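Student: The structure's right below; bear with me while I get my questions together.
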Amino acid sequence: MNIPEWQTIPTLVLEQIFDYLDSRDRRAAANCCWAWRQHFFQRRYFRNFRFHIDVAQDDQLTFFHRCMSNLAKELVIVFNFDNAFHIQKIRGLLYKAARCDNIRALRFQTNSVGLIAPGNAHSDQLVAIEQCFVEPLKMFLSRKNQACQVLDLGGIEALTYYGYDLLKAMGKPQELLQLTLASIKYDPNHYPILELDTTLLQKCASLQVLSLDYDTLSDELLHTIQVLPLRKLLIVVHGLDRDEHAGVSDAAWANFSMHFTQIELVLTLVYAYEAVELLVNRIVGDHMPVTHIRILFCEYMSHDAIDGLSMANSDTLRSIYYIDSGNNRGHSNYLSNIRGQDAFVMLAWRCKQLEEIVVHGHPMDPHNLLGIARLRSRQLRRVEVSQINWPNGEPQYAFNDEMCKLLGQRWRLLKYEQLPAALDYGPVDYDERNEFVYELLRRDLQIH
């Protein structure tokens with residue numbers, strides 16, 4: 001009896017076998033032998049494929065250059081911005097991507113804000129950034145055949161610093177669907193402000209997702225982007241400087257709100273130690289249509305700020321994150337010192353679209369949590385807290401059962417061992433905090 005040799009199956013038969021399989025089984029079949037594996041790498045099987053490449057892994061780099069560079073539609077580059085060897089590797093990687101018309105989306109991911117602030121023209125590192133990032137990126141963006149659809153600079157300040165140059169280099173800006181120019185600052189109190197030519201954004205006629213630093217916004221820019229089919233706008237706040245940035249008027253936000261009635265507007269404060277105290281008066285005002293608010297590692301949050309936010313956005317606010325590390329004491333029990341209503345309870349009462357509350361670094365009162373759950377009930381998809389001030393003798397199991405009934409889902413206080421490293425009760429490494437913030441910014445870019 002002759003035993004068939006699998007690698008000798010005719011190509012036509014092999015194509016029919018692979019076409020019959022789903023993607024998971026097709027990958028398994030590709031491990032049968034070398035011939036089957038070579039047949040697997042065809043564009044027909046990788047139509048919307050996203051390839052993650054960790055620059056630290058040389059085998060992934062080799063695999064990309066040999067097999068995936070002509071197949072992937074989206075390339076996600078993960079690297080350490082503090083590592084000079086990673087930056088050198090990225091140069092060749094980006095030039096390769098620029099020559100591959102199939103790559104329509106480019107994303108960067110890092111957990112470090114870098115070693116220096118941008119704007120220092122004498123820095124050797126910035127010269128390396130221009131050579132290793134900016135020049136090949138311009139080549140990638142200037143393509144007119146199969147133009148770039150997604151440019152995600154990963155919240156990296158040293159890259160967003162060149163936002164104007166990158167936008168200017170685009171060969172077909174009208175095909176761009178997502179652009180992220182917001183960043184995490186090396187120094188939240190002192191940084192150069194990106195100035196954009198609004199006509200460049202106006203050319204991005206298909207843009208659906210846009211992220212910007214608050215300092216970049218102006219009345220003119222808000223007016224200009226009203227011609228775009230935006231579905232999501234992310235705004236990141238660091239510092240506030242009246243001399244450098246005049247802010248945005250209430251009238252401009254009112255016009256914006258009338259035009260974009262269904263937009264998701266995510267307002268994120270990152271290490272904004274001063275700006276958080278002026279959240280309502282200087283940033284939100286009466287007409288910014290905030291749907292999601294993230295207050296990250298700001299060390300302070302006042303009752304008035306949360307109260308004002310809920311009054312100004314009672315018709316739009318859907319989600320609020322107030323996150324600090326567990327050892328933060330800058331706002332210790334700030335709500336318990338106020339004789340009026342709890343700010344989060346009032347927010348739940350006013351904001352009728354509220355679906356999500358996440359609070360870390362601030363101890364919550366169990367009765368207030370029950371009040372929030374009663375007000376919004378099963379509309380709340382997520383209520384996540386890690387600290388509760390339990391009254392003496394309060395039965396915790398009864399509280400958990402009541403929360404489960406009100407929310408219509410299993411609910412438990414997040415335990416210490418479940419917390420990300422950035423929310424630890426002990427000393428926290430800045431890179432761990434930055435990684436946590438970067439990941440949250442990436443998640444907020446997604447359209448649901």
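Chain identifiers are assigned as A, B, and so on, following the order in which chains appear in the structure tokens; residues are numbered from 1 within each chain, and ligands are numbered from 1 in order of appearance.
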Compile the contact shell of region 366-374 of chain A as a list in words: residues with an atom at most 7 Å away, counting only C-alpha atoms, same-chain residues fewer than 6 positions apart removed.

Tutor: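 Counting only C-alpha atoms, the residues come to Val345, Ala348, Ile388, Asn389, Trp390, Met403, Leu406 and Leu407 of chain A.
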
Student: Let me see the file: selected residues, all heavy atoms, as a PDB file, in the first residue's frame.

Tutor:
```
ATOM      1  N   VAL A 345     -22.658  60.307  43.551  1.00  0.00           N
ATOM      2  CA  VAL A 345     -24.103  60.020  43.602  1.00  0.00           C
ATOM      3  C   VAL A 345     -24.868  61.047  42.777  1.00  0.00           C
ATOM      4  O   VAL A 345     -25.774  60.710  42.006  1.00  0.00           O
ATOM      5  CB  VAL A 345     -24.600  60.010  45.060  1.00  0.00           C
ATOM      6  CG1 VAL A 345     -26.125  59.884  45.099  1.00  0.00           C
ATOM      7  CG2 VAL A 345     -23.965  58.860  45.837  1.00  0.00           C
ATOM      8  N   ALA A 348     -24.438  60.330  39.134  1.00  0.00           N
ATOM      9  CA  ALA A 348     -25.299  59.227  38.689  1.00  0.00           C
ATOM     10  C   ALA A 348     -26.754  59.669  38.561  1.00  0.00           C
ATOM     11  O   ALA A 348     -27.484  59.202  37.678  1.00  0.00           O
ATOM     12  CB  ALA A 348     -25.182  58.054  39.661  1.00  0.00           C
ATOM     13  N   ILE A 388     -12.981  50.737  49.749  1.00  0.00           N
ATOM     14  CA  ILE A 388     -14.265  51.083  50.374  1.00  0.00           C
ATOM     15  C   ILE A 388     -14.022  51.348  51.858  1.00  0.00           C
ATOM     16  O   ILE A 388     -13.316  50.592  52.532  1.00  0.00           O
ATOM     17  CB  ILE A 388     -15.305  49.952  50.200  1.00  0.00           C
ATOM     18  CG1 ILE A 388     -15.718  49.828  48.724  1.00  0.00           C
ATOM     19  CG2 ILE A 388     -16.524  50.201  51.075  1.00  0.00           C
ATOM     20  CD1 ILE A 388     -16.767  48.759  48.460  1.00  0.00           C
ATOM     21  N   ASN A 389     -14.604  52.424  52.351  1.00  0.00           N
ATOM     22  CA  ASN A 389     -14.561  52.725  53.787  1.00  0.00           C
ATOM     23  C   ASN A 389     -15.705  51.978  54.468  1.00  0.00           C
ATOM     24  O   ASN A 389     -16.844  52.455  54.514  1.00  0.00           O
ATOM     25  CB  ASN A 389     -14.717  54.239  54.017  1.00  0.00           C
ATOM     26  CG  ASN A 389     -13.402  54.966  53.870  1.00  0.00           C
ATOM     27  OD1 ASN A 389     -12.343  54.397  54.044  1.00  0.00           O
ATOM     28  ND2 ASN A 389     -13.484  56.248  53.523  1.00  0.00           N
ATOM     29  N   TRP A 390     -15.406  50.795  54.998  1.00  0.00           N
ATOM     30  CA  TRP A 390     -16.459  49.992  55.620  1.00  0.00           C
ATOM     31  C   TRP A 390     -16.762  50.502  57.027  1.00  0.00           C
ATOM     32  O   TRP A 390     -15.855  50.621  57.851  1.00  0.00           O
ATOM     33  CB  TRP A 390     -16.025  48.524  55.724  1.00  0.00           C
ATOM     34  CG  TRP A 390     -15.798  47.856  54.405  1.00  0.00           C
ATOM     35  CD1 TRP A 390     -14.607  47.534  53.846  1.00  0.00           C
ATOM     36  CD2 TRP A 390     -16.794  47.423  53.487  1.00  0.00           C
ATOM     37  NE1 TRP A 390     -14.784  46.927  52.633  1.00  0.00           N
ATOM     38  CE2 TRP A 390     -16.128  46.844  52.380  1.00  0.00           C
ATOM     39  CE3 TRP A 390     -18.200  47.462  53.480  1.00  0.00           C
ATOM     40  CZ2 TRP A 390     -16.794  46.310  51.292  1.00  0.00           C
ATOM     41  CZ3 TRP A 390     -18.867  46.934  52.392  1.00  0.00           C
ATOM     42  CH2 TRP A 390     -18.176  46.374  51.316  1.00  0.00           C
ATOM     43  N   MET A 403     -25.519  44.747  45.658  1.00  0.00           N
ATOM     44  CA  MET A 403     -24.941  45.316  44.438  1.00  0.00           C
ATOM     45  C   MET A 403     -25.211  44.408  43.234  1.00  0.00           C
ATOM     46  O   MET A 403     -25.555  44.876  42.154  1.00  0.00           O
ATOM     47  CB  MET A 403     -23.437  45.524  44.614  1.00  0.00           C
ATOM     48  CG  MET A 403     -23.056  46.686  45.514  1.00  0.00           C
ATOM     49  SD  MET A 403     -23.418  48.319  44.800  1.00  0.00           S
ATOM     50  CE  MET A 403     -22.216  48.397  43.473  1.00  0.00           C
ATOM     51  N   LEU A 406     -28.892  44.794  42.169  1.00  0.00           N
ATOM     52  CA  LEU A 406     -29.180  46.086  41.547  1.00  0.00           C
ATOM     53  C   LEU A 406     -28.577  46.200  40.140  1.00  0.00           C
ATOM     54  O   LEU A 406     -29.203  46.738  39.233  1.00  0.00           O
ATOM     55  CB  LEU A 406     -28.648  47.219  42.427  1.00  0.00           C
ATOM     56  CG  LEU A 406     -29.359  47.433  43.765  1.00  0.00           C
ATOM     57  CD1 LEU A 406     -28.575  48.398  44.638  1.00  0.00           C
ATOM     58  CD2 LEU A 406     -30.779  47.965  43.531  1.00  0.00           C
ATOM     59  N   LEU A 407     -27.362  45.682  39.983  1.00  0.00           N
ATOM     60  CA  LEU A 407     -26.674  45.803  38.692  1.00  0.00           C
ATOM     61  C   LEU A 407     -27.029  44.679  37.730  1.00  0.00           C
ATOM     62  O   LEU A 407     -26.768  44.784  36.523  1.00  0.00           O
ATOM     63  CB  LEU A 407     -25.156  45.818  38.908  1.00  0.00           C
ATOM     64  CG  LEU A 407     -24.599  46.979  39.742  1.00  0.00           C
ATOM     65  CD1 LEU A 407     -23.109  46.804  39.968  1.00  0.00           C
ATOM     66  CD2 LEU A 407     -24.880  48.317  39.052  1.00  0.00           C
TER      67      LEU A 407
END
```

Student: Write out as a PyMOL selection string the residues lying within 12 Å of Tyr164 (chain A), counting only C-alpha atoms and excluding same-chain residues fewer than 3 positions away.

Tutor: chain A and resi 134+138+159-161+167-170+181+193-201+216

Student: So which residues of region 302-440 of chain A fall under alpha helix (DSSP H) by DSSP, listed as a PDB file with C-alpha atoms, in the first residue's frame?

Tutor:
```pdb
ATOM      1  CA  HIS A 303     -16.302  68.030  44.679  1.00  0.00           C
ATOM      2  CA  ASP A 304     -16.999  71.160  42.636  1.00  0.00           C
ATOM      3  CA  ALA A 305     -15.217  69.757  39.575  1.00  0.00           C
ATOM      4  CA  ILE A 306     -17.199  66.506  39.509  1.00  0.00           C
ATOM      5  CA  ASP A 307     -20.392  68.376  40.361  1.00  0.00           C
ATOM      6  CA  GLY A 308     -19.849  70.944  37.629  1.00  0.00           C
ATOM      7  CA  LEU A 309     -18.955  68.246  35.121  1.00  0.00           C
ATOM      8  CA  SER A 310     -22.182  66.351  35.797  1.00  0.00           C
ATOM      9  CA  MET A 311     -24.305  69.492  35.494  1.00  0.00           C
ATOM     10  CA  ALA A 312     -22.679  70.599  32.231  1.00  0.00           C
ATOM     11  CA  ALA A 343     -20.407  64.057  44.024  1.00  0.00           C
ATOM     12  CA  PHE A 344     -20.536  60.617  42.386  1.00  0.00           C
ATOM     13  CA  VAL A 345     -24.103  60.020  43.602  1.00  0.00           C
ATOM     14  CA  MET A 346     -25.172  63.364  42.154  1.00  0.00           C
ATOM     15  CA  LEU A 347     -23.379  62.520  38.911  1.00  0.00           C
ATOM     16  CA  ALA A 348     -25.299  59.227  38.689  1.00  0.00           C
ATOM     17  CA  TRP A 349     -28.552  61.059  39.358  1.00  0.00           C
ATOM     18  CA  ARG A 350     -27.996  63.793  36.761  1.00  0.00           C
ATOM     19  CA  PRO A 366     -20.622  51.662  50.559  1.00  0.00           C
ATOM     20  CA  HIS A 367     -23.946  53.476  51.012  1.00  0.00           C
ATOM     21  CA  ASN A 368     -23.045  55.881  48.217  1.00  0.00           C
ATOM     22  CA  LEU A 369     -22.143  52.965  45.957  1.00  0.00           C
ATOM     23  CA  LEU A 370     -25.546  51.419  46.624  1.00  0.00           C
ATOM     24  CA  GLY A 371     -27.138  54.784  45.882  1.00  0.00           C
ATOM     25  CA  ILE A 372     -25.343  54.926  42.512  1.00  0.00           C
ATOM     26  CA  ALA A 373     -26.436  51.367  41.706  1.00  0.00           C
ATOM     27  CA  ARG A 374     -30.061  52.149  42.601  1.00  0.00           C
ATOM     28  CA  LEU A 375     -30.116  55.289  40.464  1.00  0.00           C
ATOM     29  CA  ARG A 376     -28.752  53.690  37.279  1.00  0.00           C
ATOM     30  CA  GLN A 396     -19.820  42.915  53.470  1.00  0.00           C
ATOM     31  CA  TYR A 397     -21.532  39.832  52.027  1.00  0.00           C
ATOM     32  CA  ALA A 398     -24.935  41.560  52.269  1.00  0.00           C
ATOM     33  CA  PHE A 399     -23.530  44.613  50.481  1.00  0.00           C
ATOM     34  CA  ASN A 400     -22.122  42.464  47.658  1.00  0.00           C
ATOM     35  CA  ASP A 401     -25.439  40.630  47.231  1.00  0.00           C
ATOM     36  CA  GLU A 402     -27.345  43.909  47.061  1.00  0.00           C
ATOM     37  CA  MET A 403     -24.941  45.316  44.438  1.00  0.00           C
ATOM     38  CA  CYS A 404     -25.321  42.153  42.348  1.00  0.00           C
ATOM     39  CA  LYS A 405     -29.126  42.413  42.435  1.00  0.00           C
ATOM     40  CA  LEU A 406     -29.180  46.086  41.547  1.00  0.00           C
ATOM     41  CA  LEU A 407     -26.674  45.803  38.692  1.00  0.00           C
ATOM     42  CA  TYR A 430       6.797  55.927  36.341  1.00  0.00           C
ATOM     43  CA  ASP A 431       7.157  53.578  33.364  1.00  0.00           C
ATOM     44  CA  GLU A 432       4.407  51.374  34.822  1.00  0.00           C
ATOM     45  CA  ARG A 433       2.155  54.414  35.134  1.00  0.00           C
ATOM     46  CA  ASN A 434       2.952  55.503  31.591  1.00  0.00           C
ATOM     47  CA  GLU A 435       2.265  52.017  30.261  1.00  0.00           C
ATOM     48  CA  PHE A 436      -1.121  52.023  32.020  1.00  0.00           C
ATOM     49  CA  VAL A 437      -1.996  55.431  30.514  1.00  0.00           C
ATOM     50  CA  TYR A 438      -0.807  54.441  27.035  1.00  0.00           C
ATOM     51  CA  GLU A 439      -2.961  51.307  27.125  1.00  0.00           C
ATOM     52  CA  LEU A 440      -6.031  53.275  28.207  1.00  0.00           C
TER      53      LEU A 440
END
```

Student: When you count only C-alpha atoms, which of these residues is closest to Leu217 (chain A): A:Glu264, A:Asp58, A:Glu274, A:Glu244?

Tutor: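 So, comparing all the options, the nearest one is A:Glu244.
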
Student: Just list as a compact mmCIF listing (two decimals) with all heavy atoms, in the first residue's frame whatever in region 196-368 of chain A DSSP marks as strand (DSSP E or B).

Tutor:
```
# COMPACT_ATOMS: atom_id res chain seq x y z
N VAL A 209 -11.78 59.23 13.31
CA VAL A 209 -11.24 59.24 14.67
C VAL A 209 -10.05 60.18 14.71
O VAL A 209 -9.12 60.05 13.89
CB VAL A 209 -10.81 57.83 15.12
CG1 VAL A 209 -10.24 57.88 16.53
CG2 VAL A 209 -11.98 56.86 15.06
N LEU A 210 -10.07 61.13 15.64
CA LEU A 210 -9.00 62.11 15.76
C LEU A 210 -8.67 62.31 17.23
O LEU A 210 -9.57 62.45 18.06
CB LEU A 210 -9.44 63.45 15.15
CG LEU A 210 -8.51 64.65 15.32
CD1 LEU A 210 -7.19 64.42 14.59
CD2 LEU A 210 -9.18 65.94 14.83
N SER A 211 -7.36 62.31 17.56
CA SER A 211 -6.95 62.64 18.92
C SER A 211 -5.97 63.79 18.88
O SER A 211 -5.07 63.83 18.03
CB SER A 211 -6.33 61.42 19.63
OG SER A 211 -4.99 61.24 19.26
N LEU A 212 -6.15 64.73 19.81
CA LEU A 212 -5.32 65.94 19.86
C LEU A 212 -5.06 66.31 21.31
O LEU A 212 -5.87 66.01 22.20
CB LEU A 212 -6.03 67.12 19.17
CG LEU A 212 -6.27 67.04 17.67
CD1 LEU A 212 -7.21 68.16 17.24
CD2 LEU A 212 -4.97 67.12 16.89
N ASP A 213 -3.95 67.00 21.54
CA ASP A 213 -3.73 67.63 22.83
C ASP A 213 -4.63 68.87 22.93
O ASP A 213 -4.87 69.55 21.92
CB ASP A 213 -2.27 68.04 22.99
CG ASP A 213 -1.35 66.84 23.16
OD1 ASP A 213 -1.80 65.84 23.74
OD2 ASP A 213 -0.20 66.91 22.69
N LYS A 232 -15.42 60.07 16.57
CA LYS A 232 -14.81 60.10 17.89
C LYS A 232 -13.70 61.14 17.91
O LYS A 232 -12.87 61.22 17.00
CB LYS A 232 -14.25 58.73 18.26
CG LYS A 232 -13.53 58.69 19.60
CD LYS A 232 -13.16 57.28 20.02
CE LYS A 232 -14.35 56.53 20.61
NZ LYS A 232 -13.95 55.28 21.29
N LEU A 233 -13.70 61.96 18.97
CA LEU A 233 -12.65 62.96 19.19
C LEU A 233 -12.09 62.75 20.59
O LEU A 233 -12.82 62.77 21.57
CB LEU A 233 -13.21 64.38 19.06
CG LEU A 233 -12.25 65.53 19.40
CD1 LEU A 233 -11.07 65.55 18.43
CD2 LEU A 233 -12.98 66.87 19.36
N LEU A 234 -10.77 62.53 20.67
CA LEU A 234 -10.09 62.36 21.95
C LEU A 234 -9.24 63.59 22.22
O LEU A 234 -8.46 64.01 21.36
CB LEU A 234 -9.20 61.12 21.94
CG LEU A 234 -9.91 59.76 21.96
CD1 LEU A 234 -10.30 59.33 20.56
CD2 LEU A 234 -9.01 58.70 22.58
N ILE A 235 -9.40 64.15 23.41
CA ILE A 235 -8.66 65.35 23.80
C ILE A 235 -7.88 65.02 25.07
O ILE A 235 -8.46 64.55 26.05
CB ILE A 235 -9.61 66.53 24.05
CG1 ILE A 235 -10.43 66.84 22.79
CG2 ILE A 235 -8.83 67.76 24.49
CD1 ILE A 235 -11.54 67.84 23.02
N VAL A 236 -6.57 65.28 25.04
CA VAL A 236 -5.72 65.00 26.18
C VAL A 236 -5.22 66.32 26.77
O VAL A 236 -4.70 67.17 26.06
CB VAL A 236 -4.52 64.10 25.80
CG1 VAL A 236 -3.60 63.88 26.99
CG2 VAL A 236 -5.02 62.76 25.26
N VAL A 237 -5.41 66.47 28.08
CA VAL A 237 -5.04 67.70 28.79
C VAL A 237 -3.85 67.43 29.70
O VAL A 237 -3.83 66.43 30.43
CB VAL A 237 -6.22 68.24 29.64
CG1 VAL A 237 -5.83 69.53 30.34
CG2 VAL A 237 -7.46 68.43 28.77
N GLU A 264 -18.60 60.77 19.94
CA GLU A 264 -18.01 60.40 21.22
C GLU A 264 -16.85 61.34 21.48
O GLU A 264 -15.90 61.39 20.70
CB GLU A 264 -17.51 58.95 21.20
CG GLU A 264 -18.60 57.91 21.29
CD GLU A 264 -18.03 56.51 21.46
OE1 GLU A 264 -16.96 56.38 22.10
OE2 GLU A 264 -18.64 55.56 20.96
N LEU A 265 -16.91 62.08 22.58
CA LEU A 265 -15.83 63.00 22.94
C LEU A 265 -15.22 62.52 24.25
O LEU A 265 -15.85 62.57 25.30
CB LEU A 265 -16.34 64.43 23.06
CG LEU A 265 -15.26 65.53 23.05
CD1 LEU A 265 -15.83 66.87 22.60
CD2 LEU A 265 -14.60 65.70 24.42
N VAL A 266 -13.98 62.04 24.15
CA VAL A 266 -13.26 61.51 25.31
C VAL A 266 -12.28 62.57 25.80
O VAL A 266 -11.36 62.97 25.06
CB VAL A 266 -12.51 60.22 24.96
CG1 VAL A 266 -11.84 59.64 26.20
CG2 VAL A 266 -13.45 59.21 24.32
N LEU A 267 -12.48 63.05 27.01
CA LEU A 267 -11.60 64.06 27.61
C LEU A 267 -10.73 63.37 28.67
O LEU A 267 -11.24 62.82 29.63
CB LEU A 267 -12.42 65.17 28.24
CG LEU A 267 -11.64 66.31 28.90
CD1 LEU A 267 -10.83 67.09 27.86
CD2 LEU A 267 -12.57 67.25 29.64
N THR A 268 -9.42 63.41 28.45
CA THR A 268 -8.49 62.70 29.33
C THR A 268 -7.50 63.68 29.94
O THR A 268 -6.81 64.41 29.21
CB THR A 268 -7.71 61.61 28.55
OG1 THR A 268 -8.64 60.70 27.97
CG2 THR A 268 -6.78 60.86 29.47
N LEU A 269 -7.43 63.72 31.26
CA LEU A 269 -6.46 64.53 31.98
C LEU A 269 -5.35 63.61 32.47
O LEU A 269 -5.62 62.64 33.21
CB LEU A 269 -7.10 65.26 33.16
CG LEU A 269 -7.90 66.53 32.84
CD1 LEU A 269 -9.18 66.21 32.09
CD2 LEU A 269 -8.20 67.30 34.11
N VAL A 270 -4.11 63.86 32.06
CA VAL A 270 -2.97 63.01 32.39
C VAL A 270 -1.93 63.82 33.16
O VAL A 270 -1.39 64.80 32.61
CB VAL A 270 -2.33 62.41 31.12
CG1 VAL A 270 -1.20 61.47 31.52
CG2 VAL A 270 -3.36 61.68 30.29
N HIS A 292 -17.08 60.84 27.64
CA HIS A 292 -16.21 60.01 28.49
C HIS A 292 -15.15 60.92 29.12
O HIS A 292 -14.48 61.67 28.40
CB HIS A 292 -15.51 58.93 27.67
CG HIS A 292 -16.43 57.99 26.96
ND1 HIS A 292 -17.23 58.39 25.89
CD2 HIS A 292 -16.70 56.67 27.16
CE1 HIS A 292 -17.93 57.35 25.47
NE2 HIS A 292 -17.64 56.31 26.23
N ILE A 293 -14.98 60.83 30.42
CA ILE A 293 -13.97 61.63 31.12
C ILE A 293 -13.00 60.67 31.83
O ILE A 293 -13.42 59.73 32.49
CB ILE A 293 -14.61 62.60 32.15
CG1 ILE A 293 -13.53 63.40 32.91
CG2 ILE A 293 -15.53 61.89 33.11
CD1 ILE A 293 -12.94 64.53 32.16
N ARG A 294 -11.70 60.91 31.64
CA ARG A 294 -10.67 60.12 32.32
C ARG A 294 -9.77 61.09 33.10
O ARG A 294 -9.15 61.97 32.49
CB ARG A 294 -9.78 59.37 31.32
CG ARG A 294 -10.38 58.07 30.77
CD ARG A 294 -11.54 58.28 29.88
NE ARG A 294 -11.97 57.07 29.20
CZ ARG A 294 -13.07 56.40 29.50
NH1 ARG A 294 -13.84 56.78 30.51
NH2 ARG A 294 -13.43 55.36 28.80
N ILE A 295 -9.68 60.92 34.39
CA ILE A 295 -8.83 61.75 35.25
C ILE A 295 -7.76 60.82 35.81
O ILE A 295 -8.03 60.02 36.70
CB ILE A 295 -9.65 62.42 36.36
CG1 ILE A 295 -10.76 63.27 35.74
CG2 ILE A 295 -8.76 63.28 37.24
CD1 ILE A 295 -11.82 63.71 36.71
N LEU A 296 -6.54 60.91 35.25
CA LEU A 296 -5.51 59.92 35.50
C LEU A 296 -4.32 60.52 36.23
O LEU A 296 -3.64 61.41 35.70
CB LEU A 296 -5.05 59.31 34.17
CG LEU A 296 -6.15 58.80 33.23
CD1 LEU A 296 -5.54 58.28 31.93
CD2 LEU A 296 -6.98 57.72 33.91
N SER A 319 -19.39 57.84 30.77
CA SER A 319 -18.34 57.10 31.46
C SER A 319 -17.42 58.07 32.20
O SER A 319 -17.07 59.12 31.68
CB SER A 319 -17.53 56.29 30.43
OG SER A 319 -16.37 55.74 31.00
N ILE A 320 -17.03 57.69 33.42
CA ILE A 320 -16.07 58.48 34.19
C ILE A 320 -15.05 57.54 34.83
O ILE A 320 -15.41 56.53 35.43
CB ILE A 320 -16.76 59.35 35.26
CG1 ILE A 320 -15.70 60.14 36.06
CG2 ILE A 320 -17.63 58.53 36.18
CD1 ILE A 320 -16.28 61.23 36.94
N TYR A 321 -13.76 57.86 34.62
CA TYR A 321 -12.67 57.16 35.29
C TYR A 321 -11.96 58.18 36.18
O TYR A 321 -11.55 59.24 35.70
CB TYR A 321 -11.63 56.64 34.29
CG TYR A 321 -12.02 55.43 33.49
CD1 TYR A 321 -13.35 55.07 33.29
CD2 TYR A 321 -11.05 54.64 32.90
CE1 TYR A 321 -13.70 53.97 32.53
CE2 TYR A 321 -11.38 53.54 32.12
CZ TYR A 321 -12.70 53.20 31.94
OH TYR A 321 -13.02 52.12 31.18
N TYR A 322 -11.84 57.88 37.46
CA TYR A 322 -11.01 58.69 38.34
C TYR A 322 -9.97 57.74 38.93
O TYR A 322 -10.29 56.89 39.76
CB TYR A 322 -11.84 59.35 39.44
CG TYR A 322 -10.98 60.00 40.49
CD1 TYR A 322 -9.92 60.81 40.11
CD2 TYR A 322 -11.21 59.79 41.84
CE1 TYR A 322 -9.10 61.39 41.06
CE2 TYR A 322 -10.41 60.37 42.79
CZ TYR A 322 -9.34 61.17 42.40
OH TYR A 322 -8.52 61.72 43.33
N ILE A 323 -8.73 57.84 38.45
CA ILE A 323 -7.73 56.84 38.76
C ILE A 323 -6.47 57.49 39.31
O ILE A 323 -5.92 58.43 38.73
CB ILE A 323 -7.38 56.00 37.50
CG1 ILE A 323 -8.60 55.17 37.08
CG2 ILE A 323 -6.18 55.10 37.75
CD1 ILE A 323 -8.41 54.37 35.82
N GLU A 356 -20.78 53.70 33.04
CA GLU A 356 -19.51 53.19 33.56
C GLU A 356 -18.92 54.15 34.59
O GLU A 356 -18.80 55.35 34.34
CB GLU A 356 -18.55 53.01 32.38
CG GLU A 356 -17.24 52.35 32.72
CD GLU A 356 -16.38 52.15 31.49
OE1 GLU A 356 -16.36 53.04 30.60
OE2 GLU A 356 -15.72 51.11 31.40
N ILE A 357 -18.56 53.61 35.75
CA ILE A 357 -17.84 54.36 36.78
C ILE A 357 -16.66 53.51 37.24
O ILE A 357 -16.84 52.37 37.68
CB ILE A 357 -18.74 54.70 37.99
CG1 ILE A 357 -19.84 55.67 37.60
CG2 ILE A 357 -17.91 55.30 39.11
CD1 ILE A 357 -20.74 56.07 38.76
N VAL A 358 -15.47 54.07 37.14
CA VAL A 358 -14.25 53.39 37.59
C VAL A 358 -13.51 54.34 38.52
O VAL A 358 -13.15 55.45 38.13
CB VAL A 358 -13.35 53.00 36.40
CG1 VAL A 358 -12.05 52.37 36.90
CG2 VAL A 358 -14.08 52.04 35.46
N VAL A 359 -13.31 53.93 39.77
CA VAL A 359 -12.65 54.77 40.76
C VAL A 359 -11.57 53.97 41.47
O VAL A 359 -11.86 52.94 42.10
CB VAL A 359 -13.66 55.32 41.81
CG1 VAL A 359 -12.93 56.22 42.81
CG2 VAL A 359 -14.78 56.08 41.13
N HIS A 360 -10.33 54.43 41.35
CA HIS A 360 -9.21 53.83 42.07
C HIS A 360 -8.39 54.94 42.72
O HIS A 360 -8.24 56.02 42.16
CB HIS A 360 -8.32 53.02 41.13
CG HIS A 360 -8.99 51.86 40.50
ND1 HIS A 360 -9.44 50.78 41.24
CD2 HIS A 360 -9.31 51.59 39.21
CE1 HIS A 360 -10.00 49.90 40.42
NE2 HIS A 360 -9.94 50.37 39.19
N MET A 364 -14.35 54.77 48.60
CA MET A 364 -15.77 55.05 48.40
C MET A 364 -16.57 54.60 49.62
O MET A 364 -16.22 53.64 50.30
CB MET A 364 -16.28 54.32 47.15
CG MET A 364 -15.61 54.74 45.86
SD MET A 364 -16.12 56.38 45.30
CE MET A 364 -17.79 56.04 44.73
```

Student: Residues at most 8 Å from Ile156 (chain A), counting only C-alpha atoms, excluding those fewer than 2 positions away in the same chain, as a list in words?

Tutor: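 Residues near the query, excluding close chain neighbours: Thr110, Val113, Leu153, Gly154, Ala158, Leu159, Thr160, Ser183 and Ile184 of chain A.
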
Student: Between A:Glu355, A:Glu175, A:Glu15, A:Asp54, which has the minimum distance to Thr316 (chain A) (counting only C-alpha atoms)?

Tutor: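 Ranked by minimum distance to Thr316 (chain A), first place goes to A:Glu355.
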
Student: Which one is closest to Val150 (chain A): A:Tyr214, A:Phe41, A:Phe108, A:Trp253? Count only C-alpha atoms.

Tutor: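 Answer, going by the shortest atom-to-atom distance: A:Phe108.
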
Student: With only C-alpha atoms as the basis for distance, which of A:Ser112, A:Pro10, A:Glu135, A:Arg66 is at the shortest distance from Ile90 (chain A)?

Tutor: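 Under the stated criterion, the closest residue is A:Glu135.
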
Student: Residues within 8 Å of Phe256 (chain A), please, as a list in words. Count only C-alpha atoms; anything in the same chain fewer than 5 positions from it doesn't count.

Tutor: Leu222, His223 and Gln226 of chain A

Student: Between CA of Tyr300 (chain A) and CA of Trp411 (chain A), what is the spacing in Å?

Tutor: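 Calculated distance between CA of Trp411 (chain A) and CA of Tyr300 (chain A) is 27.4 Å.
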
Student: If we count only C-alpha atoms, what is near Asp315 (chain A) at a cut-off of 7 Å, once residues fewer than 2 positions away on the same chain are taken out, given as a list of chain:residue names?

Tutor: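 Residues near the query, excluding close chain neighbours: A:Asn313, A:Leu317, A:Cys351, A:Lys352, A:Gln353.
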
Student: Would you mind telling me which residue in A:Pro391, A:Cys33, A:Arg44, A:Gly92 lies nearest to Leu61 (chain A) when using only C-alpha atoms?

Tutor: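 Once distances to Leu61 (chain A) are computed over only C-alpha atoms, the minimum belongs to A:Gly92.
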